[in-house]
Amino acid sequence: MNSRAIMTDWAVQPGGHCPDTRPTGPPTPAAEQRAREAVQERLTHRFPDLPSEALATAAEEAFALFTDARVRHYVPVLAFKRASGELSERLAALDEKGGET
């Protein structure tokens with residue numbers, strides 16, 4: 001799934017060959033929900049050994065940081081980066097603690 005297509009529908013410009021991914025307005029609640037699901041799916045692929053509850057919590061915490069964002073188009077990308085960074089840090093900390101014993 002292309003992350004740029006999450007928040008808007010693809011529309012090819014007349015005479016063009018590239019889809020127009022610019023947002024035409026605020027995303028609908030359904031588009032926001034699809035974006036959340038897509039982020040959680042991407043986290044599942046990146047961290048297959050972590051429980052889905054931990055991934056869902058990380059995704060929700062990341063999305064919560066961008067609740068007041070005026071430009072909503074990039075929120076899924078930013079939330080994924082934030083959540084994956086947090087999860088990577090937690091895993092690294094657990095690995096360090098496990099290696100010290």
# chains A, B, ... in the order shown; residues from 1 in each chain; ligands from 1
>>> closest_atom_pairs(of="region 28-69 of chain A", to="region 86-93 of chain A", cutoff="12 Å", atoms="only C-alpha atoms", output="JSON lines")
{"residue": "A:Leu43", "atom": "CA", "partner": "A:Leu87", "partner_atom": "CA", "distance": 9.2}
{"residue": "A:Thr44", "atom": "CA", "partner": "A:Leu87", "partner_atom": "CA", "distance": 11.3}
{"residue": "A:Arg46", "atom": "CA", "partner": "A:Ser88", "partner_atom": "CA", "distance": 9.9}
{"residue": "A:Phe47", "atom": "CA", "partner": "A:Leu87", "partner_atom": "CA", "distance": 8.3}
{"residue": "A:Pro48", "atom": "CA", "partner": "A:Leu87", "partner_atom": "CA", "distance": 11.7}
{"residue": "A:Asp49", "atom": "CA", "partner": "A:Leu91", "partner_atom": "CA", "distance": 10.6}
{"residue": "A:Leu50", "atom": "CA", "partner": "A:Leu87", "partner_atom": "CA", "distance": 9.2}
{"residue": "A:Pro51", "atom": "CA", "partner": "A:Leu87", "partner_atom": "CA", "distance": 11.5}
{"residue": "A:Ala54", "atom": "CA", "partner": "A:Leu87", "partner_atom": "CA", "distance": 8.8}
{"residue": "A:Leu55", "atom": "CA", "partner": "A:Leu87", "partner_atom": "CA", "distance": 8.1}
{"residue": "A:Ala56", "atom": "CA", "partner": "A:Leu87", "partner_atom": "CA", "distance": 11.2}
{"residue": "A:Thr57", "atom": "CA", "partner": "A:Leu87", "partner_atom": "CA", "distance": 10.4}
{"residue": "A:Ala58", "atom": "CA", "partner": "A:Leu87", "partner_atom": "CA", "distance": 7.4}
{"residue": "A:Ala59", "atom": "CA", "partner": "A:Glu86", "partner_atom": "CA", "distance": 9.9}
{"residue": "A:Glu61", "atom": "CA", "partner": "A:Glu86", "partner_atom": "CA", "distance": 10.1}
{"residue": "A:Ala62", "atom": "CA", "partner": "A:Glu86", "partner_atom": "CA", "distance": 9.1}
>>> closest_atom_pairs(of="region 56-98 of chain A", to="region 25-37 of chain A", cutoff="10 Å", atoms="only C-alpha atoms", output="JSON lines")
{"residue": "A:Ala56", "atom": "CA", "partner": "A:Glu37", "partner_atom": "CA", "distance": 9.2}
{"residue": "A:Ala59", "atom": "CA", "partner": "A:Arg36", "partner_atom": "CA", "distance": 7.5}
{"residue": "A:Glu60", "atom": "CA", "partner": "A:Arg36", "partner_atom": "CA", "distance": 8.1}
{"residue": "A:Phe63", "atom": "CA", "partner": "A:Arg36", "partner_atom": "CA", "distance": 8.0}
{"residue": "A:Arg70", "atom": "CA", "partner": "A:Pro26", "partner_atom": "CA", "distance": 9.2}
{"residue": "A:Val71", "atom": "CA", "partner": "A:Pro26", "partner_atom": "CA", "distance": 8.2}
{"residue": "A:Arg72", "atom": "CA", "partner": "A:Pro26", "partner_atom": "CA", "distance": 6.9}
{"residue": "A:His73", "atom": "CA", "partner": "A:Pro27", "partner_atom": "CA", "distance": 7.6}
{"residue": "A:Val75", "atom": "CA", "partner": "A:Ala35", "partner_atom": "CA", "distance": 8.7}
{"residue": "A:Pro76", "atom": "CA", "partner": "A:Ala35", "partner_atom": "CA", "distance": 6.0}
{"residue": "A:Val77", "atom": "CA", "partner": "A:Ala35", "partner_atom": "CA", "distance": 9.2}
{"residue": "A:Ala79", "atom": "CA", "partner": "A:Arg36", "partner_atom": "CA", "distance": 8.9}
{"residue": "A:Phe80", "atom": "CA", "partner": "A:Arg36", "partner_atom": "CA", "distance": 9.2}
>>> select_by_dssp(residues="region 47-98 of chain A", states="helix (DSSP H, G or I)", output="PyMOL selection string")
chain A and resi 52-65+75-98
>>> atom_distance(atom1="CA of Glu41 (chain A)", atom2="CA of Ala69 (chain A)")
22.5 Å
>>> atom_distance(atom1="CA of Gln40 (chain A)", atom2="CA of Leu78 (chain A)")
12.9 Å
>>> atom_distance(atom1="CA of Pro23 (chain A)", atom2="CA of Ala64 (chain A)")
21.2 Å
>>> closest_residue(among="A:Thr21, A:Thr67, A:Ser84, A:Gly98", to="Val39 (chain A)", atoms="only C-alpha atoms")
A:Ser84
